[in-house]
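> The structure that follows is given in the form of structure tokens.
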Amino acid sequence: MKKFGMIAILLLLLIMTACSSGASSGDEYPSKNLEIVAPASPGGGWDLTARSVENVLSGQKLVEENINVVNKPGGGGEVGWKYLESKDSHSLAINSSLVLTNNLLGQSEMTYEGFTPIATLATEWQSLAVPPDSEYESAKELLEAIKEDPASIKIGVGPGLGNDDHLSLVQAASEFGIDPSQMNFLVYEGGGDVVTALLGGHVDAVTTSLSEVKDQYLADKLNILAVSSDKPVEGIEDVPTWTDQGIDLVFPHWRGIMGPPDMTEEEIAYWDEKLSEMVETEEWQKVLENNDWEGFYKNSEETKAFMDEQHNLYKSLIEDSGLVK
Amino acid sequence: MKNLLRVSLQVKILGLVIFLLLLVLSLVTIMIAYMESNKDVENAENMALQTAKTVSYMPVIQEAFIQTSHPEEINYVSEQIREEVGASTIKIVARSGEAVGISGVGSPIRSADFYRAVVFGSNYILHTGEGDDEILKGIAPIIVDYGEYKRLEGAVIAEFQMKDIHNEVAADIKKIIMASSAVFVLGIAGSFILSRSIRKDTFGLEPYEISILYQERDAVLQSVKEGIVAIDRKGIITTINVSAQELLDLPDHSEGRPVYDIIPSPSFLEIIDSREKIINEELQFGDRNLIVNTRPIRKKDDVIGTVISFRDKTEIKKMIEALSEVRQYTEDLRAQAHEFTSKLYVILGMIQLGKLQEAIAMIQEETQVQQQVTEMFFRNIRDEKVQAIILGKLAKASEKKVDFKMEEGSSLDPLPDHIRLTPLIIILGNLINNAFDAVMDNKEKQVSFFVTDLGRDIVFEIADNGRGLKKGTEQHIFQKGFSLKGDNRGYGLANVRDEVELLHGTIEIDSHEHEGTIFTVILPKKIE
């Protein structure tokens with residue numbers, strides 16, 4: 001009996017020391033090297049975002065600890081985010097709307113609620129482009145034609161259905177009363193292939209990021225019928241937004257950063273402080289300019305609200321049958 | 001309540017086993033059934049999704065969309081797959097909702113079902129309908145590769161009847177229940193065998209009977225006047241009774257401690273260590289004389305323990321002394337009766353011879369002597385116990401021709417209750433007998449007895465004019481075995497001293513060689 005008592009006391013002591021040591025290490029975050037996961041191969045948008053954040057934070061000495069960028073490509077972000085799930089609060093990962101749509105499209109079990117939102121950093125805008133000699137002068141004319149005969153208009157998209165390029169046009173078409181299931185999407189390998197297909201006359205229109213077509217537009221090699229921003233985009237102010245054309249659609253292609261589940265309030269506050277400082281720096285402004293991104297900073301709390309809102313939007317977009325509308 | 005719980009061992013074991021088995025088995029059955037049914041549904045879902053995907057990838061179907069023809073072959077192939085996986089229906093639809101191929105039970109094509117597949121290229125599961133009509137649908141998009149680009153052309157819908165899946169689950173659960181029933185029966189059989197085997201081991205006694213037996217054994221052990229100690233092979237005390245504790249002056253709770261630590265006597269330990277059967281061995285333990293018996297407990301050839309029992313020899317001696325003392329009295333009284341009888345015969349003879357004067361004179365003389373004695377002794381001594389002892393000794397004195405007198409001024413009221421007859425017999429009997437023995441060789445055999453209870457103490461004084469003690473021997477006469485009368489004696493004075501001490505009194509001796517000895521016993525009237 002006495003022996004059991006001793007064991008119980010020892011166990012209690014162990015637990016107490018374990019607890020106290022756990023608490024003390026939480027006081028001084030970050031306590032070791034930091035890690036930013038780019039859930040894609042080097043060179044892509046996610047990788048670029050991760051490296052830019054690392055550059056500015058370290059270059060401006062905002063963060064003293066070493067920051068490593070780790071590439072974990074695969075599964076449309078799935079591999080990298082799964083990796084993040086198993087790490088402690090010293091690891092963060094870049095994300096985008098795919099963290100919402102992967103689950104909604106039945107491609108992933110993970111949900112955005114399984115992570116700690118840290119910030120939304122930047123956004124790109126979507127564009128609908130046609131060849132310069134196209135008979136369609138405005139987005140409305142094109143949508144009319146699709147409504148008339150959906151199969152007759154070939155629309156290029158890439159690299160897969162369900163991405164923001166695709167979803168933005170599906171939403172616009174739905175708004176216009178077109179059944180998305182009847183639309184004639186040709187799926188290409190990537191953004192570049194889509195533009196090539198358009199320039200080669202293989203498709204009648206493409207939906208893609210503005211950065212993919214902006215230069216071609218300025219060179220008069222194609223025509224942009226609509227952008228998904230809320231106001232005209234700098235440099236191409238003559239291109240109308242969807243809202244300008246009477247279609248209620250603002251569609252950001254945002255990128256953000258998130259942490260593993262259950263980060264503490266102190267850790268979140270740390271990143272709120274550092275990242276809000278970062279987006280104010282000239283270096284970050286330069287990054288935005290070079291990549292045709294737009295500043296879209298939201299802190300952790302705002303990002304959480306934004307994600308909830310986006311989730312509901314995507315959910316209704318994907319799950320509600322277009323026919324019902 | 002207690003009586004309700006006092007059921008036979010068999011009922012107890014059986015009840016517990018049934019209760020536990022029912023609890024465990026039902027929990028396990030429910031858990032397995034739950035997991036099994038979940039697994040069955042999950043399997044069916046995987047199967048539906050896999051079937052839809054497989055069909056969507058089949059070249060014949062891809063070909064059909066590229067060629068925009070609907071060959072009979074599609075139906076044939078999908079029918080084959082449908083039968084193989086047990087689906088109720090496999091539908092192949094174009095984006096427009098047009099049926100390209102259908103096999104199995106016909107059911108309406110609902111475009112809402114495959115909207116996500118044809119717009120976003122999702123693979124997913126749907127459950128439609130309720131109850132028996134519930135249908136599980138696995139839906140996969142048909143993506144046709146045109147080389148440079150791919151296009152979503154339609155969807156495959158593989159349908160399964162949930163009814164079939166539920167039947168499968170029910171069959172599985174039935175199997176599990178059968179298995180656990182078998183375990184239940186086995187468990188009951190096992191508990192029967194167990195309770196039987198336990199009863200066999202306990203000579204058919206129920207546990208409560210065993211506990212009563214145990215308590216009885218303990219009570220018997222504790223009530224025995226002999227000291228009993230049992231030790232195991234390592235010398236650890238396993239059983240000890242109250243008498244043993246008292247005789248060996250051991251503290252309480254000696255059980256479980258090594259006998260070598262708590263018994264200080266080497267000779268006692270030697271006996272214990274001998275591991276042999278020893279009968280009536282005498283040994284000195286402190287100031288006690290013990291008679292020890294040991295008996296080793298053997299298991300086959302090994303000694304696994306020893307039982308030691310012992311009595312206090314001093315006590316036995318005392319009992320024997322007291323007994324012989326009492327017998328002495330009857331002897332003494334018979335002697336007196338005998339003396340009177342002979343005197344009566346003398347008087348009878350005188351009367352017959354007509355010597356009446358002499359007879360009367362003799363009777364008067366006898367009466368006077370008797371009265372004198374009686375008056376002298378009993379007028380002042382009003383305690384019946386002392387009276388009886390003195391009366392006996394008077395007879396003995398007259399037989400031995402000893403002049404046994406009571407000193408002037410003796411007086412004694414009835415003694416207090418705590419001074420009982422036996423100690424008095426031992427104290428006074430021994431001292432007076434010793435005095436008689438001491439004067440045996442004298443011409444003038446004088447022994448006097450004095451008692452007084454004035455004050456807080458009762459004082460007895462027995463004096464003789466015998467040979468007295470040599471100087472220096474006074475100290476030894478109270479030791480055991482000291483005797484002037486020969487071997488194997490000498491317990492008398494030791495016993496006297498013990499009894500006096502028990503009564504919280506003192507004994508003094510005043511002796512001069514050739515002049516005589518005076519023993520003085522002082523007993524307090526009250527023991528504090």
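Labeling convention for the structure tokens: chains A, B, ... as they appear, residues from 1 per chain, ligands from 1 in order of appearance.
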Which neighbours of Asp292 of chain A fall inside 12 Å, counting only C-alpha atoms, when residues of the same chain fewer than 2 positions from it are skipped, and could you give them as a PyMOL selection string?

chain A and resi 45+122-126+209-215+233-236+253+285-290+294-295

> Please tabulate, as CSV, the residues of chain B that come within 10 Å of chain A, each with its closest pair of atoms and the distance in Å to one decimal, counting only C-alpha atoms and ordering rows by chain, then residue number upward.


```
residue,atom,partner,partner_atom,distance
B:Ala94,CA,A:Gln182,CA,9.9
B:Arg95,CA,A:Gln182,CA,6.4
B:Ser96,CA,A:Gln182,CA,6.3
B:Gly97,CA,A:Gln182,CA,9.4
B:Ser111,CA,A:Ser321,CA,8.6
B:Ala112,CA,A:Ser321,CA,5.8
B:Asp113,CA,A:Ser321,CA,8.7
B:Phe114,CA,A:Ser321,CA,9.1
B:Tyr115,CA,A:Ser321,CA,6.1
B:Arg116,CA,A:Ile318,CA,6.6
B:Ala117,CA,A:Ser181,CA,8.9
B:Val118,CA,A:Ser181,CA,5.8
B:Val119,CA,A:Ser181,CA,5.0
B:Phe120,CA,A:Gly162,CA,5.0
B:Gly121,CA,A:Leu161,CA,6.4
B:Ser122,CA,A:Leu105,CA,5.5
B:Asn123,CA,A:Gly106,CA,6.4
B:Tyr124,CA,A:Gly106,CA,6.2
B:Ile125,CA,A:Gly106,CA,9.2
B:Ile143,CA,A:Val187,CA,9.5
B:Val144,CA,A:Val187,CA,9.9
B:Asp145,CA,A:Val187,CA,9.1
B:Tyr146,CA,A:Leu186,CA,9.2
B:Gly147,CA,A:Tyr188,CA,9.6
B:Glu148,CA,A:Tyr188,CA,6.9
B:Tyr149,CA,A:Tyr188,CA,4.8
B:Lys150,CA,A:Val187,CA,4.8
B:Arg151,CA,A:Leu186,CA,5.0
B:Leu152,CA,A:Phe185,CA,7.4
B:Glu153,CA,A:Asn184,CA,9.1
B:Gly154,CA,A:Ser181,CA,9.3
```

> Quick one: write out the picked residues with N, CA and C atoms as a CSV table (one decimal), in the first residue's frame?


```csv
chain,number,residue,atom,x,y,z
B,94,ALA,N,-24.0,12.3,-70.1
B,94,ALA,CA,-23.2,13.4,-70.7
B,94,ALA,C,-23.5,14.6,-69.9
B,95,ARG,N,-22.7,15.7,-70.1
B,95,ARG,CA,-22.8,16.9,-69.4
B,95,ARG,C,-24.2,17.5,-69.6
B,96,SER,N,-24.8,17.2,-70.7
B,96,SER,CA,-26.1,17.8,-71.0
B,96,SER,C,-27.2,17.1,-70.2
B,97,GLY,N,-26.8,15.9,-69.6
B,97,GLY,CA,-27.8,15.2,-68.8
B,97,GLY,C,-28.4,14.0,-69.7
B,111,SER,N,-30.0,15.8,-62.6
B,111,SER,CA,-28.8,16.5,-62.9
B,111,SER,C,-28.2,17.1,-61.6
B,112,ALA,N,-29.0,17.4,-60.6
B,112,ALA,CA,-28.4,17.9,-59.4
B,112,ALA,C,-27.4,16.9,-58.8
B,113,ASP,N,-27.6,15.6,-59.0
B,113,ASP,CA,-26.7,14.6,-58.4
B,113,ASP,C,-25.3,14.8,-58.9
B,114,PHE,N,-25.2,15.1,-60.3
B,114,PHE,CA,-23.8,15.1,-60.8
B,114,PHE,C,-23.3,16.5,-61.2
B,115,TYR,N,-24.0,17.5,-60.6
B,115,TYR,CA,-23.6,18.9,-60.9
B,115,TYR,C,-22.1,19.1,-60.6
B,116,ARG,N,-21.7,18.7,-59.3
B,116,ARG,CA,-20.3,19.0,-58.9
B,116,ARG,C,-19.3,18.2,-59.7
B,117,ALA,N,-19.7,17.0,-60.2
B,117,ALA,CA,-18.8,16.2,-61.0
B,117,ALA,C,-18.6,16.9,-62.4
B,118,VAL,N,-19.6,17.4,-63.0
B,118,VAL,CA,-19.5,17.9,-64.3
B,118,VAL,C,-19.0,19.3,-64.3
B,119,VAL,N,-19.1,20.0,-63.3
B,119,VAL,CA,-18.7,21.4,-63.3
B,119,VAL,C,-17.2,21.5,-62.7
B,120,PHE,N,-17.0,20.8,-61.6
B,120,PHE,CA,-15.7,21.0,-60.9
B,120,PHE,C,-14.9,19.7,-61.0
B,121,GLY,N,-15.4,18.7,-61.5
B,121,GLY,CA,-14.6,17.4,-61.6
B,121,GLY,C,-14.4,16.7,-60.3
B,122,SER,N,-15.4,16.9,-59.4
B,122,SER,CA,-15.3,16.2,-58.1
B,122,SER,C,-15.7,14.8,-58.1
B,123,ASN,N,-15.1,14.0,-57.3
B,123,ASN,CA,-15.6,12.6,-57.0
B,123,ASN,C,-16.3,12.7,-55.6
B,124,TYR,N,-17.4,12.1,-55.5
B,124,TYR,CA,-18.1,12.2,-54.2
B,124,TYR,C,-19.2,11.1,-54.1
B,125,ILE,N,-19.7,11.0,-52.8
B,125,ILE,CA,-20.7,10.1,-52.4
B,125,ILE,C,-22.0,10.8,-52.1
B,143,ILE,N,-13.5,12.7,-67.6
B,143,ILE,CA,-12.6,13.7,-68.1
B,143,ILE,C,-11.9,13.1,-69.3
B,144,VAL,N,-12.2,13.7,-70.5
B,144,VAL,CA,-11.6,13.1,-71.7
B,144,VAL,C,-10.4,14.0,-72.1
B,145,ASP,N,-9.3,13.3,-72.4
B,145,ASP,CA,-8.1,13.9,-72.7
B,145,ASP,C,-8.0,14.1,-74.3
B,146,TYR,N,-8.0,15.3,-74.7
B,146,TYR,CA,-7.9,15.6,-76.2
B,146,TYR,C,-6.5,15.9,-76.6
B,147,GLY,N,-5.5,15.5,-75.8
B,147,GLY,CA,-4.1,15.8,-76.2
B,147,GLY,C,-3.7,17.1,-75.6
B,148,GLU,N,-4.0,18.2,-76.2
B,148,GLU,CA,-3.5,19.5,-75.7
B,148,GLU,C,-4.3,19.9,-74.5
B,149,TYR,N,-5.5,19.6,-74.5
B,149,TYR,CA,-6.4,20.0,-73.3
B,149,TYR,C,-7.3,18.8,-73.0
B,150,LYS,N,-7.9,19.0,-71.8
B,150,LYS,CA,-8.8,18.0,-71.3
B,150,LYS,C,-10.2,18.6,-71.2
B,151,ARG,N,-11.2,17.8,-71.3
B,151,ARG,CA,-12.5,18.4,-71.2
B,151,ARG,C,-13.4,17.5,-70.3
B,152,LEU,N,-14.2,18.1,-69.5
B,152,LEU,CA,-15.2,17.3,-68.7
B,152,LEU,C,-16.4,17.0,-69.6
B,153,GLU,N,-16.6,15.8,-69.8
B,153,GLU,CA,-17.7,15.5,-70.7
B,153,GLU,C,-19.0,14.9,-70.1
B,154,GLY,N,-18.8,14.3,-68.9
B,154,GLY,CA,-20.0,13.7,-68.3
B,154,GLY,C,-19.6,13.2,-66.9
```

> Neighbours of segment 173-179 of chain B within 12 Å (only C-alpha atoms; same-chain residues fewer than 4 positions away dropped), as a list in words?

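Here the qualifying residues turn out to be Leu22, Leu25, Ser26, Leu27, Val28, Thr29, Ile30, Met31, Ile32, Ala33, Tyr34, Met35, Glu36, Ser37, Asn38, Asp40, His166, Asn167, Glu168, Val169, Val183, Phe184, Val185 and Leu186 of chain B.
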
> Which of segment 10-213 of chain A end up as alpha helix (DSSP H) when DSSP is run on this backbone - answer as a PyMOL selection string?

chain A and resi 10-25+45-59+78-85+98-104+139-148+164-175+191-199+210-213

> Output as a ChimeraX atom specification all residues of segment 31-195 of chain B that backbone DSSP marks as strand (DSSP E or B).

/B:89-94,99-104,124-128,135-145,150-161

> Dump N, CA and C atoms for the selected residues as a tab-separated table (two decimals), in the first residue's frame?


```tsv
chain	number	residue	atom	x	y	z
B	89	THR	N	-27.45	-0.08	-60.05
B	89	THR	CA	-27.51	0.62	-61.34
B	89	THR	C	-26.17	1.29	-61.62
B	90	ILE	N	-25.75	1.31	-62.88
B	90	ILE	CA	-24.63	2.16	-63.27
B	90	ILE	C	-25.11	3.03	-64.42
B	91	LYS	N	-25.00	4.37	-64.20
B	91	LYS	CA	-25.46	5.30	-65.24
B	91	LYS	C	-24.28	6.08	-65.76
B	92	ILE	N	-24.25	6.24	-67.10
B	92	ILE	CA	-23.22	7.08	-67.70
B	92	ILE	C	-23.96	8.21	-68.40
B	93	VAL	N	-23.70	9.45	-67.90
B	93	VAL	CA	-24.46	10.57	-68.46
B	93	VAL	C	-23.50	11.60	-69.06
B	94	ALA	N	-23.98	12.27	-70.07
B	94	ALA	CA	-23.21	13.36	-70.67
B	94	ALA	C	-23.48	14.63	-69.88
B	99	ALA	N	-28.52	10.42	-71.26
B	99	ALA	CA	-28.00	9.13	-70.82
B	99	ALA	C	-27.20	8.51	-71.95
B	100	VAL	N	-25.93	8.22	-71.69
B	100	VAL	CA	-25.10	7.59	-72.70
B	100	VAL	C	-25.20	6.07	-72.57
B	101	GLY	N	-25.29	5.63	-71.33
B	101	GLY	CA	-25.47	4.19	-71.11
B	101	GLY	C	-26.06	3.94	-69.74
B	102	ILE	N	-26.96	2.95	-69.68
B	102	ILE	CA	-27.55	2.61	-68.38
B	102	ILE	C	-27.59	1.11	-68.27
B	103	SER	N	-27.15	0.58	-67.09
B	103	SER	CA	-27.33	-0.84	-66.88
B	103	SER	C	-27.97	-1.03	-65.51
B	104	GLY	N	-28.71	-2.12	-65.38
B	104	GLY	CA	-29.37	-2.39	-64.10
B	104	GLY	C	-30.72	-1.72	-64.02
B	124	TYR	N	-17.45	12.09	-55.50
B	124	TYR	CA	-18.13	12.16	-54.20
B	124	TYR	C	-19.22	11.11	-54.05
B	125	ILE	N	-19.70	11.05	-52.83
B	125	ILE	CA	-20.72	10.07	-52.44
B	125	ILE	C	-22.00	10.84	-52.15
B	126	LEU	N	-23.13	10.28	-52.54
B	126	LEU	CA	-24.42	10.88	-52.17
B	126	LEU	C	-25.31	9.80	-51.59
B	127	HIS	N	-26.09	10.19	-50.60
B	127	HIS	CA	-27.13	9.28	-50.10
B	127	HIS	C	-28.46	9.92	-50.44
B	128	THR	N	-29.30	9.26	-51.19
B	128	THR	CA	-30.61	9.84	-51.50
B	128	THR	C	-31.69	8.85	-51.07
B	135	ILE	N	-30.62	5.15	-51.38
B	135	ILE	CA	-29.68	4.72	-52.41
B	135	ILE	C	-28.35	5.41	-52.18
B	136	LEU	N	-27.27	4.62	-52.28
B	136	LEU	CA	-25.93	5.16	-52.14
B	136	LEU	C	-25.37	5.38	-53.54
B	137	LYS	N	-24.92	6.62	-53.78
B	137	LYS	CA	-24.43	6.91	-55.14
B	137	LYS	C	-22.97	7.31	-55.09
B	138	GLY	N	-22.17	6.63	-55.89
B	138	GLY	CA	-20.78	7.05	-56.08
B	138	GLY	C	-20.71	7.77	-57.41
B	139	ILE	N	-20.19	9.00	-57.39
B	139	ILE	CA	-20.24	9.80	-58.62
B	139	ILE	C	-18.82	10.22	-59.00
B	140	ALA	N	-18.47	10.02	-60.26
B	140	ALA	CA	-17.15	10.41	-60.74
B	140	ALA	C	-17.30	11.11	-62.09
B	141	PRO	N	-16.44	12.12	-62.31
B	141	PRO	CA	-16.54	12.82	-63.59
B	141	PRO	C	-15.87	12.02	-64.71
B	142	ILE	N	-16.32	12.22	-65.93
B	142	ILE	CA	-15.62	11.62	-67.07
B	142	ILE	C	-14.82	12.74	-67.71
B	143	ILE	N	-13.50	12.66	-67.56
B	143	ILE	CA	-12.63	13.70	-68.12
B	143	ILE	C	-11.94	13.10	-69.33
B	144	VAL	N	-12.17	13.69	-70.47
B	144	VAL	CA	-11.61	13.14	-71.70
B	144	VAL	C	-10.40	13.96	-72.08
B	145	ASP	N	-9.31	13.25	-72.38
B	145	ASP	CA	-8.06	13.90	-72.74
B	145	ASP	C	-8.00	14.06	-74.26
B	150	LYS	N	-7.88	18.97	-71.80
B	150	LYS	CA	-8.84	17.97	-71.32
B	150	LYS	C	-10.19	18.64	-71.22
B	151	ARG	N	-11.22	17.83	-71.33
B	151	ARG	CA	-12.54	18.42	-71.16
B	151	ARG	C	-13.42	17.48	-70.34
B	152	LEU	N	-14.22	18.09	-69.48
B	152	LEU	CA	-15.18	17.34	-68.68
B	152	LEU	C	-16.38	17.04	-69.55
B	153	GLU	N	-16.65	15.76	-69.79
B	153	GLU	CA	-17.71	15.45	-70.74
B	153	GLU	C	-18.96	14.90	-70.07
B	154	GLY	N	-18.80	14.34	-68.91
B	154	GLY	CA	-19.99	13.74	-68.30
B	154	GLY	C	-19.64	13.15	-66.95
B	155	ALA	N	-20.50	12.26	-66.49
B	155	ALA	CA	-20.26	11.66	-65.18
B	155	ALA	C	-20.75	10.22	-65.16
B	156	VAL	N	-20.14	9.44	-64.25
B	156	VAL	CA	-20.62	8.07	-64.02
B	156	VAL	C	-21.27	8.04	-62.65
B	157	ILE	N	-22.42	7.42	-62.56
B	157	ILE	CA	-23.12	7.31	-61.27
B	157	ILE	C	-23.32	5.83	-60.99
B	158	ALA	N	-22.66	5.35	-59.96
B	158	ALA	CA	-22.83	3.95	-59.56
B	158	ALA	C	-23.74	3.92	-58.34
B	159	GLU	N	-24.87	3.22	-58.47
B	159	GLU	CA	-25.85	3.23	-57.38
B	159	GLU	C	-25.91	1.89	-56.67
B	160	PHE	N	-25.99	1.95	-55.35
B	160	PHE	CA	-26.14	0.74	-54.54
B	160	PHE	C	-27.38	0.90	-53.68
B	161	GLN	N	-28.14	-0.20	-53.48
B	161	GLN	CA	-29.30	-0.16	-52.58
B	161	GLN	C	-28.78	-0.27	-51.14
```

> What's around segment 387-402 of chain B at 7 Å? Count only C-alpha atoms, leave out sequence neighbours fewer than 5 positions away in its own chain, and write the answer as a ChimeraX atom specification.

/B:329,332-333,335-336,378,381,425,445-446

> So that I have them on file, write out the residues from the current selection with N, CA and C atoms, as a PDB file, in the first residue's frame.


```pdb
ATOM      1  N   TYR B 329      -4.300 -31.567  55.849  1.00  0.00           N
ATOM      2  CA  TYR B 329      -5.357 -31.234  56.815  1.00  0.00           C
ATOM      3  C   TYR B 329      -6.253 -32.394  57.107  1.00  0.00           C
ATOM      4  N   ASP B 332      -4.462 -34.570  59.285  1.00  0.00           N
ATOM      5  CA  ASP B 332      -4.377 -34.030  60.640  1.00  0.00           C
ATOM      6  C   ASP B 332      -5.677 -34.242  61.396  1.00  0.00           C
ATOM      7  N   LEU B 333      -6.780 -33.941  60.705  1.00  0.00           N
ATOM      8  CA  LEU B 333      -8.084 -34.062  61.376  1.00  0.00           C
ATOM      9  C   LEU B 333      -8.389 -35.510  61.721  1.00  0.00           C
ATOM     10  N   ALA B 335      -6.199 -37.722  62.382  1.00  0.00           N
ATOM     11  CA  ALA B 335      -5.371 -38.065  63.553  1.00  0.00           C
ATOM     12  C   ALA B 335      -6.040 -37.625  64.848  1.00  0.00           C
ATOM     13  N   GLN B 336      -6.615 -36.415  64.782  1.00  0.00           N
ATOM     14  CA  GLN B 336      -7.277 -35.898  65.976  1.00  0.00           C
ATOM     15  C   GLN B 336      -8.478 -36.791  66.353  1.00  0.00           C
ATOM     16  N   PHE B 378      -9.630 -19.385  69.607  1.00  0.00           N
ATOM     17  CA  PHE B 378     -10.741 -18.867  68.794  1.00  0.00           C
ATOM     18  C   PHE B 378     -11.492 -17.714  69.393  1.00  0.00           C
ATOM     19  N   ILE B 381      -9.368 -15.110  67.557  1.00  0.00           N
ATOM     20  CA  ILE B 381      -9.234 -15.231  66.089  1.00  0.00           C
ATOM     21  C   ILE B 381     -10.596 -15.484  65.508  1.00  0.00           C
ATOM     22  N   ILE B 425      -3.241 -20.950  53.113  1.00  0.00           N
ATOM     23  CA  ILE B 425      -2.792 -22.326  53.381  1.00  0.00           C
ATOM     24  C   ILE B 425      -1.315 -22.447  53.082  1.00  0.00           C
ATOM     25  N   LYS B 445       9.521 -29.225  72.794  1.00  0.00           N
ATOM     26  CA  LYS B 445       9.134 -28.835  71.427  1.00  0.00           C
ATOM     27  C   LYS B 445       8.120 -27.713  71.507  1.00  0.00           C
ATOM     28  N   GLN B 446       8.607 -26.480  71.334  1.00  0.00           N
ATOM     29  CA  GLN B 446       7.704 -25.338  71.491  1.00  0.00           C
ATOM     30  C   GLN B 446       7.596 -24.571  70.179  1.00  0.00           C
TER      31      GLN B 446
END
```

> So how far away is atom CA of Leu121 of chain A from atom CA of Val279 of chain A, in Å?

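One can read the atom CA of Val279 of chain A to atom CA of Leu121 of chain A distance as 7.8 Å.
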
> Measure the distance from atom CA of Ala435 of chain B to atom CA of Asp464 of chain B in Å and round it to one decimal.

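Answer for the atom CA of Ala435 of chain B to atom CA of Asp464 of chain B separation: 5.7 Å.
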
> Mind checking which residues fall within 10 Å of segment 342-346 of chain B, counting only C-alpha atoms, ignoring those fewer than 5 positions away in the same chain, and posting them as a PyMOL selection string?

chain B and resi 337+351-352+359+362-363+366

> Show which residues sit within 7 Å of Ala172 of chain A, as JSON, numbers by chain. Count only C-alpha atoms, and ignore same-chain residues fewer than 4 positions away.

{"A": [168, 176, 247, 249]}

> Can you write out the residues you just picked, keeping N, CA and C atoms, as a short mmCIF file (atom, residue, chain, number, x, y, z; two decimals), in the first residue's frame?


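That gives us part.cif:
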```
data_model
loop_
_atom_site.label_atom_id
_atom_site.label_comp_id
_atom_site.auth_asym_id
_atom_site.auth_seq_id
_atom_site.Cartn_x
_atom_site.Cartn_y
_atom_site.Cartn_z
N SER A 168 -14.13 31.80 -60.53
CA SER A 168 -14.55 33.19 -60.73
C SER A 168 -15.48 33.29 -61.93
N PHE A 176 -25.18 35.44 -64.12
CA PHE A 176 -25.79 35.83 -65.39
C PHE A 176 -26.90 34.85 -65.80
N ILE A 247 -22.48 43.09 -63.19
CA ILE A 247 -22.47 41.73 -62.64
C ILE A 247 -21.82 41.79 -61.25
N LEU A 249 -19.84 40.86 -58.83
CA LEU A 249 -18.77 39.90 -58.57
C LEU A 249 -17.46 40.62 -58.27
#
```

> Residues at most 8 Å from segment 235-251 of chain B, counting only C-alpha atoms, excluding those fewer than 4 positions away in the same chain, as a PyMOL selection string?

chain B and resi 221-231+255-260+262-263+285+305+310+312

> Which one of A:Lys298, A:Phe306, A:Thr207, A:Ser138 sits closest to Gln245 of chain A if you count only C-alpha atoms?

A:Ser138
